[in-house]
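File shown: start-v3.cif. Contents: mmCIF, C-alpha atoms, pLDDT in the B column; chains and numbers go by the auth columns.
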data_protein
loop_
_atom_site.group_PDB
_atom_site.id
_atom_site.type_symbol
_atom_site.label_atom_id
_atom_site.label_comp_id
_atom_site.label_asym_id
_atom_site.label_seq_id
_atom_site.Cartn_x
_atom_site.Cartn_y
_atom_site.Cartn_z
_atom_site.B_iso_or_equiv
_atom_site.auth_seq_id
_atom_site.auth_asym_id
ATOM 1 C CA MET A 1 23.743 50.079 -1.747 43.00 204 S
ATOM 2 C CA PRO A 2 20.195 48.745 -1.276 53.00 205 S
ATOM 3 C CA SER A 3 19.906 45.028 -0.470 56.00 206 S
ATOM 4 C CA SER A 4 18.366 44.369 -3.923 68.00 207 S
ATOM 5 C CA ASP A 5 21.664 45.537 -5.445 85.00 208 S
ATOM 6 C CA ARG A 6 23.631 42.788 -3.706 90.00 209 S
ATOM 7 C CA PRO A 7 26.124 40.807 -5.787 92.00 210 S
ATOM 8 C CA VAL A 8 24.970 37.396 -7.035 94.00 211 S
ATOM 9 C CA ARG A 9 27.195 34.307 -6.884 95.00 212 S
ATOM 10 C CA GLU A 10 27.726 32.699 -10.279 95.00 213 S
ATOM 11 C CA ALA A 11 30.356 30.082 -9.372 95.00 214 S
ATOM 12 C CA HIS A 12 31.719 28.528 -6.197 95.00 215 S
ATOM 13 C CA ALA A 13 34.635 26.206 -5.415 97.00 216 S
ATOM 14 C CA VAL A 14 36.346 24.958 -2.256 96.00 217 S
ATOM 15 C CA ARG A 15 40.078 25.589 -2.726 96.00 218 S
ATOM 16 C CA PHE A 16 41.424 24.317 0.623 96.00 219 S
ATOM 17 C CA ARG A 17 40.159 22.485 3.727 97.00 220 S
ATOM 18 C CA GLY A 18 42.306 22.793 6.824 93.00 221 S
ATOM 19 C CA LEU A 19 42.010 21.988 10.506 91.00 222 S
ATOM 20 C CA ILE A 20 40.716 25.446 11.474 91.00 223 S
ATOM 21 C CA PHE A 21 39.361 27.011 8.307 94.00 224 S
ATOM 22 C CA THR A 22 38.334 26.444 4.691 96.00 225 S
ATOM 23 C CA VAL A 23 39.159 28.667 1.721 97.00 226 S
ATOM 24 C CA GLU A 24 36.481 29.118 -0.930 98.00 227 S
ATOM 25 C CA ARG A 25 36.520 30.980 -4.239 98.00 228 S
ATOM 26 C CA ASP A 26 33.376 32.730 -5.404 97.00 229 S
ATOM 27 C CA ILE A 27 32.821 34.424 -8.729 97.00 230 S
ATOM 28 C CA VAL A 28 30.068 37.001 -8.371 97.00 231 S
ATOM 29 C CA ARG A 29 28.173 39.347 -10.628 96.00 232 S
ATOM 30 C CA LEU A 30 28.203 42.859 -9.135 95.00 233 S
ATOM 31 C CA SER A 31 25.213 45.190 -9.341 92.00 234 S
ATOM 32 C CA ASN A 32 27.057 47.225 -11.991 93.00 235 S
ATOM 33 C CA GLY A 33 27.233 44.134 -14.238 93.00 236 S
ATOM 34 C CA ARG A 34 30.930 43.421 -13.725 96.00 237 S
ATOM 35 C CA ARG A 35 32.323 40.157 -12.382 97.00 238 S
ATOM 36 C CA ALA A 36 34.567 39.834 -9.346 96.00 239 S
ATOM 37 C CA THR A 37 36.464 36.920 -7.831 97.00 240 S
ATOM 38 C CA TYR A 38 36.645 36.593 -4.046 97.00 241 S
ATOM 39 C CA ASP A 39 38.752 34.159 -2.055 97.00 242 S
ATOM 40 C CA ILE A 40 37.033 33.786 1.317 97.00 243 S
ATOM 41 C CA VAL A 41 38.344 32.178 4.499 97.00 244 S
ATOM 42 C CA ARG A 42 35.458 30.368 6.213 97.00 245 S
ATOM 43 C CA HIS A 43 35.910 29.979 9.960 96.00 246 S
ATOM 44 C CA GLY A 44 33.529 28.485 12.544 94.00 247 S
ATOM 45 C CA GLY A 45 33.881 31.420 14.933 95.00 248 S
ATOM 46 C CA SER A 46 35.815 32.012 18.116 97.00 249 S
ATOM 47 C CA VAL A 47 35.563 33.338 21.619 98.00 250 S
ATOM 48 C CA VAL A 48 37.962 35.900 23.067 98.00 251 S
ATOM 49 C CA LEU A 49 38.254 35.912 26.843 98.00 252 S
ATOM 50 C CA ILE A 50 38.908 38.840 29.132 98.00 253 S
ATOM 51 C CA PRO A 51 39.618 37.024 32.402 98.00 254 S
ATOM 52 C CA GLN A 52 39.530 39.466 35.317 97.00 255 S
ATOM 53 C CA PRO A 53 40.557 38.105 38.724 97.00 256 S
ATOM 54 C CA GLU A 54 39.843 41.625 40.038 95.00 257 S
ATOM 55 C CA ARG A 55 38.274 44.695 38.410 92.00 258 S
ATOM 56 C CA GLU A 56 41.626 46.353 37.591 93.00 259 S
ATOM 57 C CA THR A 57 43.483 43.208 36.506 96.00 260 S
ATOM 58 C CA VAL A 58 43.413 40.901 33.513 97.00 261 S
ATOM 59 C CA VAL A 59 45.028 37.564 32.683 98.00 262 S
ATOM 60 C CA LEU A 60 46.988 37.486 29.428 97.00 263 S
ATOM 61 C CA ILE A 61 48.738 34.504 27.913 96.00 264 S
ATOM 62 C CA ARG A 62 52.150 34.408 26.295 95.00 265 S
ATOM 63 C CA GLN A 63 52.512 32.030 23.386 94.00 266 S
ATOM 64 C CA TYR A 64 54.581 31.596 20.273 94.00 267 S
ATOM 65 C CA ARG A 65 52.704 32.568 17.132 93.00 268 S
ATOM 66 C CA TRP A 66 54.221 30.740 14.185 92.00 269 S
ATOM 67 C CA ALA A 67 52.563 33.025 11.603 93.00 270 S
ATOM 68 C CA VAL A 68 54.388 36.117 12.926 94.00 271 S
ATOM 69 C CA GLY A 69 57.473 34.276 14.159 95.00 272 S
ATOM 70 C CA ARG A 70 57.521 35.515 17.743 93.00 273 S
ATOM 71 C CA TRP A 71 56.231 35.161 21.279 94.00 274 S
ATOM 72 C CA ILE A 72 53.376 37.543 22.055 94.00 275 S
ATOM 73 C CA TRP A 73 51.134 38.485 24.991 96.00 276 S
ATOM 74 C CA GLU A 74 47.450 38.243 24.156 96.00 277 S
ATOM 75 C CA LEU A 75 44.014 37.566 25.534 98.00 278 S
ATOM 76 C CA PRO A 76 43.152 33.863 25.632 97.00 279 S
ATOM 77 C CA ALA A 77 40.895 32.744 22.801 97.00 280 S
ATOM 78 C CA GLY A 78 39.738 29.648 21.037 95.00 281 S
ATOM 79 C CA GLY A 79 37.429 28.196 18.448 95.00 282 S
ATOM 80 C CA LEU A 80 33.910 26.904 18.906 94.00 283 S
ATOM 81 C CA GLU A 81 33.436 23.151 18.886 92.00 284 S
ATOM 82 C CA PRO A 82 30.627 21.875 16.607 91.00 285 S
ATOM 83 C CA GLY A 83 27.275 22.554 18.298 94.00 286 S
ATOM 84 C CA GLU A 84 28.885 24.370 21.240 95.00 287 S
ATOM 85 C CA SER A 85 27.377 27.626 22.464 97.00 288 S
ATOM 86 C CA PRO A 86 29.740 30.622 22.631 97.00 289 S
ATOM 87 C CA ALA A 87 29.243 30.982 26.425 97.00 290 S
ATOM 88 C CA ARG A 88 30.109 27.322 26.961 97.00 291 S
ATOM 89 C CA ALA A 89 33.172 27.706 24.714 97.00 292 S
ATOM 90 C CA ALA A 90 34.254 30.714 26.784 98.00 293 S
ATOM 91 C CA ARG A 91 34.071 28.669 29.990 96.00 294 S
ATOM 92 C CA ARG A 92 35.933 25.730 28.407 95.00 295 S
ATOM 93 C CA GLU A 93 38.672 27.867 26.870 95.00 296 S
ATOM 94 C CA CYS A 94 39.186 29.772 30.127 96.00 297 S
ATOM 95 C CA ALA A 95 39.850 26.508 31.979 94.00 298 S
ATOM 96 C CA GLU A 96 42.068 25.141 29.198 93.00 299 S
ATOM 97 C CA GLU A 97 44.164 28.247 28.620 94.00 300 S
ATOM 98 C CA ILE A 98 44.600 29.813 32.060 95.00 301 S
ATOM 99 C CA GLY A 99 43.647 26.918 34.357 93.00 302 S
ATOM 100 C CA LEU A 100 40.735 28.799 35.959 95.00 303 S
ATOM 101 C CA ARG A 101 36.971 28.353 35.650 95.00 304 S
ATOM 102 C CA PRO A 102 34.782 31.468 35.595 97.00 305 S
ATOM 103 C CA ASP A 103 31.656 31.665 37.737 97.00 306 S
ATOM 104 C CA ARG A 104 30.344 34.309 35.359 97.00 307 S
ATOM 105 C CA VAL A 105 30.803 35.027 31.641 98.00 308 S
ATOM 106 C CA GLU A 106 29.447 38.288 30.249 97.00 309 S
ATOM 107 C CA ARG A 107 29.230 38.811 26.500 97.00 310 S
ATOM 108 C CA LEU A 108 30.632 42.235 25.591 96.00 311 S
ATOM 109 C CA GLY A 109 30.308 42.195 21.823 95.00 312 S
ATOM 110 C CA THR A 110 30.840 40.354 18.565 96.00 313 S
ATOM 111 C CA PHE A 111 33.148 41.578 15.840 96.00 314 S
ATOM 112 C CA TYR A 112 34.528 40.484 12.471 97.00 315 S
ATOM 113 C CA PRO A 113 38.329 40.958 12.621 94.00 316 S
ATOM 114 C CA THR A 114 38.946 40.822 8.848 95.00 317 S
ATOM 115 C CA PRO A 115 35.637 41.003 6.928 96.00 318 S
ATOM 116 C CA GLY A 116 37.367 41.755 3.640 95.00 319 S
ATOM 117 C CA PHE A 117 38.325 38.100 3.231 96.00 320 S
ATOM 118 C CA CYS A 118 37.192 36.135 6.303 97.00 321 S
ATOM 119 C CA ASP A 119 33.800 35.408 7.899 97.00 322 S
ATOM 120 C CA GLU A 120 35.181 34.643 11.387 97.00 323 S
ATOM 121 C CA ARG A 121 33.087 36.160 14.157 97.00 324 S
ATOM 122 C CA MET A 122 34.916 36.842 17.417 97.00 325 S
ATOM 123 C CA MET A 123 32.665 36.912 20.463 98.00 326 S
ATOM 124 C CA PHE A 124 34.220 38.738 23.415 98.00 327 S
ATOM 125 C CA TYR A 125 33.484 37.587 26.981 98.00 328 S
ATOM 126 C CA ARG A 126 34.492 39.066 30.321 98.00 329 S
ATOM 127 C CA CYS A 127 35.199 36.167 32.703 98.00 330 S
ATOM 128 C CA THR A 128 34.929 36.824 36.449 98.00 331 S
ATOM 129 C CA GLY A 129 34.703 34.800 39.636 97.00 332 S
ATOM 130 C CA LEU A 130 37.750 32.824 38.542 97.00 333 S
ATOM 131 C CA ARG A 131 38.564 29.725 40.570 95.00 334 S
ATOM 132 C CA ARG A 132 40.768 26.660 40.264 90.00 335 S
ATOM 133 C CA PRO A 133 38.829 23.573 39.111 79.00 336 S
ATOM 134 C CA ALA A 134 38.765 20.465 41.325 78.00 337 S
ATOM 135 C CA ARG A 135 40.779 18.651 38.655 77.00 338 S
ATOM 136 C CA PRO A 136 43.211 20.354 36.259 70.00 339 S
ATOM 137 C CA VAL A 137 41.912 20.728 32.694 70.00 340 S
ATOM 138 C CA ALA A 138 44.185 19.586 29.875 67.00 341 S
ATOM 139 C CA GLY A 139 45.086 22.201 27.287 63.00 342 S
ATOM 140 C CA ASP A 140 45.575 21.673 23.573 65.00 343 S
ATOM 141 C CA ASP A 141 48.610 19.595 22.595 68.00 344 S
ATOM 142 C CA ASP A 142 49.720 22.149 19.986 70.00 345 S
ATOM 143 C CA GLU A 143 49.901 25.071 22.442 71.00 346 S
ATOM 144 C CA GLN A 144 52.603 26.185 24.841 86.00 347 S
ATOM 145 C CA ILE A 145 50.938 28.833 26.988 89.00 348 S
ATOM 146 C CA GLU A 146 52.130 30.926 29.926 93.00 349 S
ATOM 147 C CA PRO A 147 49.322 32.813 31.732 95.00 350 S
ATOM 148 C CA ARG A 148 50.120 35.928 33.777 97.00 351 S
ATOM 149 C CA THR A 149 47.987 38.491 35.604 97.00 352 S
ATOM 150 C CA PHE A 150 48.568 42.154 34.726 97.00 353 S
ATOM 151 C CA ARG A 151 47.160 45.388 36.054 95.00 354 S
ATOM 152 C CA LEU A 152 45.055 47.068 33.330 93.00 355 S
ATOM 153 C CA ALA A 153 47.152 50.244 33.608 90.00 356 S
ATOM 154 C CA ASP A 154 50.309 48.211 32.870 93.00 357 S
ATOM 155 C CA VAL A 155 48.668 46.513 29.879 93.00 358 S
ATOM 156 C CA ARG A 156 47.769 49.895 28.389 88.00 359 S
ATOM 157 C CA ARG A 157 51.421 50.920 28.619 90.00 360 S
ATOM 158 C CA LEU A 158 52.476 47.693 26.892 91.00 361 S
ATOM 159 C CA ILE A 159 50.086 48.507 24.041 91.00 362 S
ATOM 160 C CA ARG A 160 51.420 52.058 23.684 90.00 363 S
ATOM 161 C CA ARG A 161 55.010 50.767 23.641 91.00 364 S
ATOM 162 C CA GLY A 162 54.165 48.240 20.917 88.00 365 S
ATOM 163 C CA GLU A 163 54.752 45.239 23.177 88.00 366 S
ATOM 164 C CA ILE A 164 51.194 43.974 22.676 94.00 367 S
ATOM 165 C CA ILE A 165 50.640 43.608 18.930 94.00 368 S
ATOM 166 C CA ASP A 166 47.547 41.404 18.795 94.00 369 S
ATOM 167 C CA LEU A 167 44.495 43.365 17.627 95.00 370 S
ATOM 168 C CA LYS A 168 41.898 41.156 19.342 96.00 371 S
ATOM 169 C CA THR A 169 43.708 41.877 22.610 96.00 372 S
ATOM 170 C CA VAL A 170 43.671 45.630 22.032 95.00 373 S
ATOM 171 C CA ALA A 171 39.964 45.501 21.123 95.00 374 S
ATOM 172 C CA GLY A 172 39.050 43.307 24.088 95.00 375 S
ATOM 173 C CA LEU A 173 40.907 45.496 26.556 94.00 376 S
ATOM 174 C CA GLU A 174 39.166 48.540 25.128 92.00 377 S
ATOM 175 C CA LEU A 175 35.808 46.858 25.781 92.00 378 S
ATOM 176 C CA VAL A 176 36.540 46.534 29.506 91.00 379 S
ATOM 177 C CA ALA A 177 38.141 49.980 29.753 82.00 380 S
ATOM 178 C CA ALA A 178 35.467 51.884 27.823 64.00 381 S
ATOM 179 C CA PRO A 179 32.353 53.353 29.413 52.00 382 S
ATOM 180 C CA VAL A 180 29.314 51.075 29.247 50.00 383 S
ATOM 181 C CA SER A 181 27.491 53.569 27.006 44.00 384 S
ATOM 182 C CA TRP A 182 30.154 53.076 24.313 44.00 385 S
ATOM 183 C CA ARG A 183 29.591 49.321 24.130 46.00 386 S
ATOM 184 C CA ARG A 184 26.911 47.928 21.915 50.00 387 S
ATOM 185 C CA ARG A 185 26.084 44.458 20.885 49.00 388 S
ATOM 186 C CA SER A 186 26.927 43.598 17.333 47.00 389 S
ATOM 187 C CA SER A 187 26.110 40.389 15.528 44.00 390 S
#
Using structure tokens, write down the structure from this file.
Amino acid sequence: MPSSDRPVREAHAVRFRGLIFTVERDIVRLSNGRRATYDIVRHGGSVVLIPQPERETVVLIRQYRWAVGRWIWELPAGGLEPGESPARAARRECAEEIGLRPDRVERLGTFYPTPGFCDERMMFYRCTGLRRPARPVAGDDDEQIEPRTFRLADVRRLIRRGEIIDLKTVAGLELVAAPVSWRRRSS
């Protein structure tokens, strides 16, 4: 559909404001003349970390996810603070979630995990040159996190066996496993 055929918003309302996201309802006029109602989750964006102590290893975290009612292994991730750059957020979250500071953060891509109803952009960063900070960094009070280093080959087996169920983790691990020519920057 050409950009001139984009839907036009006719009405807008904020339905919910939470700690992490806002839900808005838009009524739009489609290019075919019909009306549609969209409930959209507005999110400030997040960083997903791929901490690699060595080339063939990765640090995952185990935490309880209330929404799915179970403990899961996943890549560390976190939201952007107001005015914070994604690279700075990646460094901060790495220290908070796994207790290590990266010397280097490399942006691997940006993706929308659920663009049908949410505008969250996930920016993926490989973190290398990991070292313990001079002073421990406090994590978030609402998180109980257990970091653990895995070999990439073992993580792939966990995915195949259905033991890793988090899609951002599967996508992030694919970014570090895939040939460089496959990767492209998205925005």
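Excluding Met326 in chain S itself and any same-chain residue fewer than 5 positions from it, the protein and nucleic acid residues within 8 Å of it, counting only C-alpha atoms, are Gly248, Ser249, Val250, Val251, Pro289, Arg310, Leu311, Gly312, Thr313 and Phe314 of chain S.
Near Thr260 in chain S, within a cut-off of 12 Å and counting only C-alpha atoms, sit the residues Ile253, Pro254, Arg329, Cys330, Thr331, Arg351, Thr352, Phe353, Arg354, Leu355, Ala356, Asp357, Val358, Arg359, Leu376, Val379 and Ala380 of chain S, with same-chain residues fewer than 6 positions away left out.
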Go ahead and write the residues just picked, C-alpha atoms, as a compact mmCIF listing (two decimals), in the coordinates of the input.
# COMPACT_ATOMS: atom_id res chain seq x y z
CA ILE S 253 38.91 38.84 29.13
CA PRO S 254 39.62 37.02 32.40
CA ARG S 329 34.49 39.07 30.32
CA CYS S 330 35.20 36.17 32.70
CA THR S 331 34.93 36.82 36.45
CA ARG S 351 50.12 35.93 33.78
CA THR S 352 47.99 38.49 35.60
CA PHE S 353 48.57 42.15 34.73
CA ARG S 354 47.16 45.39 36.05
CA LEU S 355 45.06 47.07 33.33
CA ALA S 356 47.15 50.24 33.61
CA ASP S 357 50.31 48.21 32.87
CA VAL S 358 48.67 46.51 29.88
CA ARG S 359 47.77 49.90 28.39
CA LEU S 376 40.91 45.50 26.56
CA VAL S 379 36.54 46.53 29.51
CA ALA S 380 38.14 49.98 29.75
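Taking only C-alpha atoms, the non-local environment of Leu233 in chain S within 9 Å (same-chain residues fewer than 5 positions away omitted) comprises Asp208, Arg209, Pro210, Val211, Arg212, Arg238 and Ala239 of chain S.
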Contacts of range 295-301 of chain S at 12 Å (only C-alpha atoms; same-chain gap of 6+ positions) as a PyMOL selection string: chain S and resi 249-256+261-266+277-284+287-289+307-308+328-352
Reference answer for the PyMOL selection byres ((chain S and resi 317) around 12), as a PyMOL selection string: chain S and resi 243-246+314-316+318-325+370-371
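As for CA of Ile362 in chain S and CA of Ile275 in chain S, they are spaced 11.6 Å apart.
Note that CA of Ala374 in chain S and CA of Gly221 in chain S are 26.9 Å apart.
From CA of Ile368 in chain S back to CA of Ile223 in chain S, the distance works out to 22.0 Å.
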Check which residues satisfy the PyMOL selection byres ((chain S and resi 229) around 10) in the file shown, then give them as a ChimeraX atom specification. /S:211-217,227-228,230-232,239-243
Nearest to Phe224 in chain S among S:Gly247, S:Gly286, S:Trp274, S:Leu378, with distances taken over all atoms listed in the file: which residue is it? S:Gly247
Please rebuild range 288-301 of chain S with N, CA and C atoms and return the result as an mmCIF file, in the frame of the given file.
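Everything below was put into part37.cif:
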data_model
loop_
_atom_site.group_PDB
_atom_site.id
_atom_site.type_symbol
_atom_site.label_atom_id
_atom_site.label_comp_id
_atom_site.auth_asym_id
_atom_site.auth_seq_id
_atom_site.Cartn_x
_atom_site.Cartn_y
_atom_site.Cartn_z
ATOM 1 N N SER S 288 27.784 26.226 22.340
ATOM 2 C CA SER S 288 27.377 27.626 22.464
ATOM 3 C C SER S 288 28.602 28.483 22.758
ATOM 4 N N PRO S 289 28.596 29.747 22.345
ATOM 5 C CA PRO S 289 29.740 30.622 22.631
ATOM 6 C C PRO S 289 30.029 30.755 24.131
ATOM 7 N N ALA S 290 29.008 30.856 24.976
ATOM 8 C CA ALA S 290 29.243 30.982 26.425
ATOM 9 C C ALA S 290 29.917 29.726 26.977
ATOM 10 N N ARG S 291 29.479 28.575 26.507
ATOM 11 C CA ARG S 291 30.109 27.322 26.961
ATOM 12 C C ARG S 291 31.559 27.245 26.473
ATOM 13 N N ALA S 292 31.802 27.680 25.241
ATOM 14 C CA ALA S 292 33.172 27.706 24.714
ATOM 15 C C ALA S 292 34.049 28.640 25.542
ATOM 16 N N ALA S 293 33.492 29.772 25.967
ATOM 17 C CA ALA S 293 34.254 30.714 26.784
ATOM 18 C C ALA S 293 34.665 30.060 28.101
ATOM 19 N N ARG S 294 33.755 29.358 28.725
ATOM 20 C CA ARG S 294 34.071 28.669 29.990
ATOM 21 C C ARG S 294 35.133 27.589 29.767
ATOM 22 N N ARG S 295 34.978 26.809 28.706
ATOM 23 C CA ARG S 295 35.933 25.730 28.407
ATOM 24 C C ARG S 295 37.313 26.291 28.120
ATOM 25 N N GLU S 296 37.378 27.290 27.241
ATOM 26 C CA GLU S 296 38.672 27.867 26.870
ATOM 27 C C GLU S 296 39.364 28.524 28.063
ATOM 28 N N CYS S 297 38.607 29.142 28.943
ATOM 29 C CA CYS S 297 39.186 29.772 30.127
ATOM 30 C C CYS S 297 39.903 28.713 30.972
ATOM 31 N N ALA S 298 39.245 27.591 31.199
ATOM 32 C CA ALA S 298 39.850 26.508 31.979
ATOM 33 C C ALA S 298 41.060 25.917 31.270
ATOM 34 N N GLU S 299 40.963 25.732 29.949
ATOM 35 C CA GLU S 299 42.068 25.141 29.198
ATOM 36 C C GLU S 299 43.277 26.062 29.124
ATOM 37 N N GLU S 300 43.046 27.349 28.907
ATOM 38 C CA GLU S 300 44.164 28.247 28.620
ATOM 39 C C GLU S 300 44.791 28.904 29.849
ATOM 40 N N ILE S 301 43.993 29.183 30.878
ATOM 41 C CA ILE S 301 44.600 29.813 32.060
ATOM 42 C C ILE S 301 44.443 28.972 33.321
#
